[in-house]
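J.: Next up, run25.txt (compact mmCIF, C-alpha atoms and all ligand atoms).
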# COMPACT_ATOMS: atom_id res chain seq x y z
CA MET B 1 8.17 -20.40 -1.06
CA SER B 2 6.08 -18.20 -3.31
CA LEU B 3 5.55 -14.74 -1.94
CA ARG B 4 3.04 -12.20 -3.19
CA LEU B 5 3.52 -8.51 -2.46
CA GLN B 6 0.80 -5.99 -3.22
CA ILE B 7 1.03 -2.30 -3.95
CA ILE B 8 -2.14 -0.54 -2.81
CA ILE B 9 -2.70 2.74 -4.65
CA GLY B 10 -4.37 4.99 -2.09
CA SER B 11 -5.35 7.95 -4.27
CA THR B 12 -8.29 7.51 -6.63
CA ARG B 13 -8.79 11.07 -7.84
CA PRO B 14 -8.65 11.98 -11.55
CA GLY B 15 -5.23 13.29 -12.59
CA ARG B 16 -3.56 11.78 -9.55
CA PHE B 17 0.22 11.93 -9.17
CA ALA B 18 0.14 8.37 -7.83
CA ASP B 19 0.43 6.87 -11.32
CA LYS B 20 4.01 8.13 -11.60
CA PRO B 21 5.45 6.47 -8.51
CA VAL B 22 3.45 3.35 -9.42
CA ALA B 23 5.19 3.26 -12.80
CA TRP B 24 8.54 3.47 -11.01
CA LEU B 25 7.61 0.78 -8.47
CA VAL B 26 6.36 -1.57 -11.19
CA ASP B 27 9.48 -0.92 -13.27
CA ARG B 28 11.74 -1.82 -10.36
CA LEU B 29 9.74 -4.61 -8.73
CA SER B 30 7.80 -6.55 -11.36
CA ASP B 31 10.65 -8.72 -12.54
CA ARG B 32 11.94 -10.18 -9.29
CA ASP B 33 12.43 -13.83 -8.51
CA ASP B 34 11.87 -13.47 -4.76
CA PHE B 35 8.21 -12.38 -5.04
CA GLU B 36 5.29 -11.84 -7.37
CA LEU B 37 3.95 -8.28 -7.57
CA ASP B 38 0.29 -7.34 -7.59
CA VAL B 39 -0.89 -3.77 -8.10
CA LEU B 40 -4.22 -3.06 -6.46
CA ASP B 41 -5.78 0.12 -7.78
CA LEU B 42 -8.63 1.19 -5.51
CA ARG B 43 -10.25 2.77 -8.57
CA ASP B 44 -11.01 -0.81 -9.63
CA HIS B 45 -12.89 -1.36 -6.38
CA PRO B 46 -15.29 1.55 -6.04
CA LEU B 47 -17.25 1.16 -2.82
CA PRO B 48 -19.66 3.53 -1.07
CA LEU B 49 -18.67 5.25 2.15
CA PHE B 50 -18.43 2.41 4.62
CA ASP B 51 -21.90 0.88 4.90
CA SER B 52 -21.27 -2.66 6.07
CA PRO B 53 -24.14 -3.80 8.30
CA THR B 54 -21.68 -5.68 10.54
CA SER B 55 -18.13 -5.08 11.66
CA PRO B 56 -15.72 -6.97 9.38
CA ALA B 57 -13.75 -7.83 12.53
CA ARG B 58 -16.77 -9.88 13.64
CA SER B 59 -18.24 -11.11 10.38
CA LEU B 60 -14.83 -12.37 9.22
CA ARG B 61 -15.01 -12.72 5.43
CA GLU B 62 -18.79 -13.04 5.33
CA TYR B 63 -18.90 -10.35 2.71
CA PRO B 64 -22.13 -8.34 2.36
CA ASN B 65 -21.89 -8.19 -1.45
CA GLU B 66 -19.75 -9.11 -4.47
CA ALA B 67 -17.90 -5.80 -4.58
CA VAL B 68 -16.65 -6.14 -1.01
CA ALA B 69 -15.85 -9.82 -1.61
CA ALA B 70 -13.71 -8.89 -4.63
CA LEU B 71 -11.71 -6.41 -2.57
CA GLY B 72 -11.42 -8.76 0.40
CA LYS B 73 -10.18 -11.64 -1.76
CA ARG B 74 -7.64 -9.39 -3.39
CA PHE B 75 -6.25 -8.22 -0.02
CA ASP B 76 -6.34 -11.82 1.18
CA SER B 77 -4.16 -12.97 -1.71
CA ALA B 78 -1.13 -10.95 -0.58
CA ASP B 79 1.56 -11.80 1.97
CA GLY B 80 2.71 -8.20 2.38
CA TYR B 81 1.78 -4.72 1.23
CA ILE B 82 3.26 -1.47 0.06
CA ALA B 83 0.77 1.30 0.75
CA LEU B 84 1.36 4.07 -1.75
CA THR B 85 -0.06 7.12 -0.07
CA SER B 86 -0.63 10.74 -0.87
CA GLU B 87 -1.05 13.23 1.95
CA TYR B 88 -4.26 15.23 2.19
CA ASN B 89 -4.37 17.77 5.02
CA HIS B 90 -1.70 15.90 6.96
CA GLY B 91 -3.54 12.60 6.67
CA TYR B 92 -3.72 9.64 4.29
CA PRO B 93 -6.54 9.57 1.72
CA ALA B 94 -10.05 8.71 2.86
CA SER B 95 -10.30 6.34 -0.13
CA LEU B 96 -7.64 4.15 1.47
CA LYS B 97 -9.25 4.17 4.92
CA ASN B 98 -12.64 3.41 3.44
CA ALA B 99 -11.28 0.37 1.62
CA MET B 100 -9.41 -0.88 4.69
CA ASP B 101 -12.47 -0.57 6.92
CA TYR B 102 -14.37 -3.05 4.73
CA VAL B 103 -12.02 -5.89 5.72
CA PHE B 104 -10.18 -7.13 8.78
CA PRO B 105 -8.77 -10.67 8.98
CA GLU B 106 -7.39 -10.37 5.44
CA PHE B 107 -4.60 -8.15 6.80
CA LYS B 108 -3.89 -10.06 9.99
CA ARG B 109 -0.26 -10.87 10.77
CA LYS B 110 1.04 -9.44 7.51
CA PRO B 111 3.56 -6.62 7.08
CA MET B 112 2.92 -3.25 5.50
CA ALA B 113 5.61 -0.93 4.15
CA PHE B 114 4.98 2.60 2.92
CA VAL B 115 5.76 4.86 0.00
CA GLY B 116 4.49 8.39 0.43
CA TYR B 117 4.74 11.67 -1.41
CA GLY B 118 4.17 15.34 -0.72
CA ASN B 119 5.88 18.27 0.98
CA VAL B 120 7.36 16.00 3.64
CA GLY B 121 7.29 12.85 1.56
CA GLY B 122 3.94 11.78 2.96
CA ALA B 123 5.57 11.33 6.40
CA ARG B 124 2.52 12.45 8.34
CA ALA B 125 0.16 10.26 6.33
CA ILE B 126 2.49 7.30 6.81
CA GLU B 127 2.72 7.80 10.56
CA GLN B 128 -1.07 7.77 10.77
CA LEU B 129 -1.27 4.65 8.65
CA ARG B 130 1.21 2.87 10.90
CA LEU B 131 -1.17 3.45 13.82
CA VAL B 132 -4.12 2.09 11.83
CA THR B 133 -2.26 -1.09 10.85
CA ILE B 134 -1.74 -2.01 14.50
CA GLU B 135 -5.49 -2.39 14.96
CA PHE B 136 -5.44 -4.87 12.05
CA GLU B 137 -2.75 -6.88 13.88
CA MET B 138 -0.34 -6.10 11.08
CA ALA B 139 3.37 -5.43 11.27
CA PRO B 140 3.97 -1.81 10.21
CA LEU B 141 7.53 -1.47 8.94
CA ARG B 142 10.09 1.18 9.70
CA HIS B 143 11.53 1.45 6.22
CA ALA B 144 9.62 3.79 3.94
CA VAL B 145 10.26 5.74 0.79
CA HIS B 146 9.46 9.43 1.13
CA ILE B 147 9.09 11.20 -2.21
CA LEU B 148 9.85 14.85 -1.52
CA GLY B 149 9.17 17.87 -3.71
CA SER B 150 12.68 17.73 -5.18
CA VAL B 151 11.75 14.44 -6.87
CA MET B 152 8.00 14.96 -7.12
CA LEU B 153 8.04 18.27 -8.98
CA PRO B 154 10.36 17.17 -11.82
CA ALA B 155 8.31 13.97 -12.18
CA MET B 156 5.12 16.04 -12.29
CA THR B 157 6.32 18.47 -14.91
CA ALA B 158 8.54 16.29 -17.13
CA GLU B 159 7.55 16.50 -20.77
CA GLU B 160 8.40 12.86 -21.18
CA PHE B 161 7.89 10.84 -18.04
CA SER B 162 10.29 8.05 -17.21
CA PRO B 163 10.55 5.89 -14.07
CA SER B 164 14.20 6.93 -13.93
CA LEU B 165 13.01 10.30 -12.58
CA PHE B 166 12.75 8.46 -9.25
CA GLU B 167 16.15 6.76 -9.46
CA SER B 168 17.60 8.75 -6.55
CA LEU B 169 15.20 6.71 -4.40
CA ASP B 170 16.20 3.29 -5.76
CA GLU B 171 18.47 2.57 -2.80
CA ARG B 172 15.74 3.43 -0.28
CA LEU B 173 13.30 1.25 -2.19
CA GLU B 174 15.72 -1.67 -2.12
CA MET B 175 16.05 -1.34 1.67
CA LEU B 176 12.28 -1.26 2.01
CA ILE B 177 11.87 -4.34 -0.19
CA LYS B 178 14.55 -6.37 1.60
CA ASP B 179 12.84 -5.67 4.90
CA LEU B 180 9.35 -6.31 3.53
CA VAL B 181 10.41 -9.64 2.00
CA TRP B 182 11.99 -10.67 5.33
CA TRP B 183 8.83 -9.92 7.30
CA ALA B 184 6.48 -11.32 4.68
CA THR B 185 8.45 -14.58 4.60
CA ALA B 186 8.71 -14.88 8.38
CA LEU B 187 5.03 -14.17 8.95
CA LYS B 188 3.91 -16.46 6.13
CA ILE B 189 5.84 -19.33 7.70
CA ALA B 190 4.28 -18.52 11.07
CA ARG B 191 0.74 -18.21 9.62
CA ASP B 192 1.10 -21.48 7.71
CA ALA B 193 2.22 -23.17 10.91
CA GLY B 194 -1.05 -22.05 12.51
C1 LIG H 1 -7.19 18.04 -0.46
C2 LIG H 1 -5.68 18.11 -0.56
C3 LIG H 1 -4.94 18.28 0.58
C4 LIG H 1 -3.54 18.30 0.52
N1 LIG H 1 -2.83 18.37 1.67
C5 LIG H 1 -1.51 18.16 1.62
C6 LIG H 1 -0.76 18.02 2.83
O1 LIG H 1 -1.27 18.10 3.91
N2 LIG H 1 0.57 17.76 2.72
C7 LIG H 1 1.19 17.64 1.52
O2 LIG H 1 2.38 17.38 1.49
N3 LIG H 1 0.51 17.78 0.36
C8 LIG H 1 -0.81 18.03 0.39
N4 LIG H 1 -1.52 18.15 -0.79
C9 LIG H 1 -0.81 18.13 -2.06
C10 LIG H 1 -0.63 16.69 -2.53
O3 LIG H 1 0.59 16.18 -2.02
C11 LIG H 1 -0.62 16.61 -4.05
O4 LIG H 1 -1.81 17.20 -4.54
C12 LIG H 1 -0.55 15.19 -4.54
O5 LIG H 1 -0.49 15.22 -5.96
C13 LIG H 1 -1.74 14.36 -4.10
O6 LIG H 1 -1.63 13.03 -4.51
P1 LIG H 1 -2.49 12.42 -5.74
O7 LIG H 1 -2.33 13.40 -6.89
O8 LIG H 1 -1.86 11.09 -6.06
O9 LIG H 1 -3.90 12.32 -5.28
C14 LIG H 1 -2.90 18.16 -0.73
C15 LIG H 1 -3.67 18.02 -1.88
C16 LIG H 1 -5.05 17.98 -1.80
C17 LIG H 1 -5.86 17.75 -3.05
Mind converting the file's structure to structure tokens?
Ligand SMILES: Cc1cc2nc3c(=O)[nH]c(=O)nc-3n(C[C@H](O)[C@H](O)[C@H](O)COP(=O)(O)O)c2cc1C

T.:
Amino acid sequence: MSLRLQIIIGSTRPGRFADKPVAWLVDRLSDRDDFELDVLDLRDHPLPLFDSPTSPARSLREYPNEAVAALGKRFDSADGYIALTSEYNHGYPASLKNAMDYVFPEFKRKPMAFVGYGNVGGARAIEQLRLVTIEFEMAPLRHAVHILGSVMLPAMTAEEFSPSLFESLDERLEMLIKDLVWWATALKIARDAG
């Protein structure tokens, strides 16, 4: 069975830290034979503050314009997600919520795992995101990678960046991936069965 996992980069601001953990995730996950990796950068899908004339939970893929359709189709193409989230004022970024609000059935019955960063490894942002995923009828996963200051600061300030600056988190990432692949496989079989 071919499985497609998608990293969603939540932060869109210039100079974001997000690019560093993404480089690590891509380094570790792009060459696997158990899934194909897609990296969805929300910068590539700039959308206004939510302005859909109908609720995407009702209009179900009847996209109001091409830009929303492009995002919806991209989300639709994945069997499972890794939300890469920063933490702004104890929450996840508004850019991520705005993008999620534009869709609905695209996420249904699919798992989402989390990689967060910040003073407490994005834990508060991730907890909030887990609540949001339930409304989408997703399966929010327990395993997460929390990138704390002890890893974040050296990665931020390194003269020469390397994905190996995150290697202390490799084991956690492997646990996350094993679990995500299990759920993505199980739910894909169930979705395909109707
Ligand atoms: C508006 C704002 C609010 C922040 N609030 C928090 C916070 O509540 N907790 C935290 O750990 N870090 C917080 N930070 C620091 C971020 O973890 C840090 O800036 C990080 O680089 C943001 O991710 P990004 O660069 O990928 O956008 C905040 C940063 C900004 C810009």

J.: Please, which residues have at least one atom within 10 Å of an atom of ligand LIG 1 (chain H), using all atoms listed in the file, listed as a ChimeraX atom specification?

T.: /B:9-22,84-93,116-125,147-149,152-153,156

J.: In Å, how far is it from atom CA of B:Met175 to atom CA of B:Val145?

T.: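 Atom CA of B:Met175 sits 9.2 Å away from atom CA of B:Val145.
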
J.: At a cut-off of 10 Å, can you tabulate as a Markdown table every residue of stretch 1-91 of chain B near stretch 178-190 of chain B together with its closest atom pair and the distance in Å to one decimal, using only C-alpha atoms and ordering rows by chain then number?

T.:
| residue | atom | partner | partner_atom | distance |
| --- | --- | --- | --- | --- |
| B:Met1 | CA | B:Thr185 | CA | 8.1 |
| B:Ser2 | CA | B:Thr185 | CA | 9.0 |
| B:Leu3 | CA | B:Thr185 | CA | 7.2 |
| B:Arg4 | CA | B:Ala184 | CA | 8.6 |
| B:Leu5 | CA | B:Ala184 | CA | 8.2 |
| B:Asp34 | CA | B:Val181 | CA | 7.9 |
| B:Phe35 | CA | B:Val181 | CA | 7.9 |
| B:Ala78 | CA | B:Ala184 | CA | 9.3 |
| B:Asp79 | CA | B:Ala184 | CA | 5.6 |
| B:Gly80 | CA | B:Ala184 | CA | 5.4 |
| B:Tyr81 | CA | B:Leu180 | CA | 8.1 |
| B:Ile82 | CA | B:Leu180 | CA | 8.5 |

J.: From (-22.4, -6.9, -0.3), in the file's coordinates, out to 12 Å: which residues are reached, counting all atoms listed in the file? Answer as a list in words.

T.: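 So the residues meeting the distance criterion are Leu47, Pro48, Phe50, Asp51, Ser52, Pro53, Thr54, Pro56, Arg61, Glu62, Tyr63, Pro64, Asn65, Glu66, Ala67, Val68, Ala69, Ala70, Leu71, Gly72 and Tyr102 of chain B.
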
J.: Rank nothing, just name the residue among B:Phe75, B:Phe166, B:Phe136, B:Phe107 nearest to B:Asp38, using all atoms listed in the file.

T.: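 The closest residue to B:Asp38 is B:Phe75.
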
J.: So, with all atoms listed in the file as the atoms that count, which of B:Val151, B:Ile126, B:Ala113, B:Ala94 lies closest to B:Ala139?

T.: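 Smallest separation from B:Ala139 among the options: B:Ala113.
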
J.: Nearest residue to B:Leu96 out of B:Ser55, B:Glu174, B:Ile134, B:Ile8, using only C-alpha atoms?

T.: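 Smallest separation from B:Leu96 among the options: B:Ile8.
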
J.: Which one is closest to B:Val26: B:Pro105, B:Pro163, B:Gly194, B:Pro46? Count all atoms listed in the file.

T.: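 Going through B:Pro105, B:Pro163, B:Gly194, B:Pro46 one by one, the smallest distance to B:Val26 is for B:Pro163.
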
J.: With a distance cut-off of 6 Å and only C-alpha atoms, select the neighbouring residues of B:Met138, excluding the residue or stretch itself and same-chain residues fewer than 4 positions from it, and output the selection as a list in words.

T.: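 Answer for this query is Lys108, Arg109, Lys110, Pro111, Thr133 and Ile134 of chain B.
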
J.: Based on the selection just made, write C-alpha atoms of those residues as a compact mmCIF listing (two decimals), keeping the file's coordinate frame.

T.:
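Produced file result_30.txt, reproduced below:
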# COMPACT_ATOMS: atom_id res chain seq x y z
CA LYS B 108 -3.89 -10.06 9.99
CA ARG B 109 -0.26 -10.87 10.77
CA LYS B 110 1.04 -9.44 7.51
CA PRO B 111 3.56 -6.62 7.08
CA THR B 133 -2.26 -1.09 10.85
CA ILE B 134 -1.74 -2.01 14.50

J.: When you count all atoms listed in the file, which of these residues is closest to B:Glu127: B:Leu40, B:Ala193, B:Ala83, B:Leu165?

T.: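 Closest candidate: B:Ala83.
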
J.: Could you please determine the separation between atom CA of B:Leu176 and atom CA of B:Val115 in Å, to one decimal place?

T.: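 Atom-to-atom, atom CA of B:Leu176 to atom CA of B:Val115, that is 9.2 Å.
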
J.: Enclose stretch 107-113 of chain B, meaning all of its atoms listed in the file, in a box aligned along x, y and z, pad it by 8 Å on each side, and list the centre and edge lengths in Å to one decimal, as AutoDock Vina command-line options.

T.:
--center_x 0.5 --center_y -5.9 --center_z 7.5 --size_x 26.2 --size_y 25.9 --size_z 22.6

J.: Could you state the separation of atom CA of B:Ser77 and atom CA of B:Gln6 in Å, given to one decimal place?

T.: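 Rounded to one decimal, the two atoms are 8.7 Å apart.
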
J.: Which one is closest to B:Ala99: B:His45, B:His143, B:Arg32, B:Arg172? Count all atoms listed in the file.

T.: B:His45
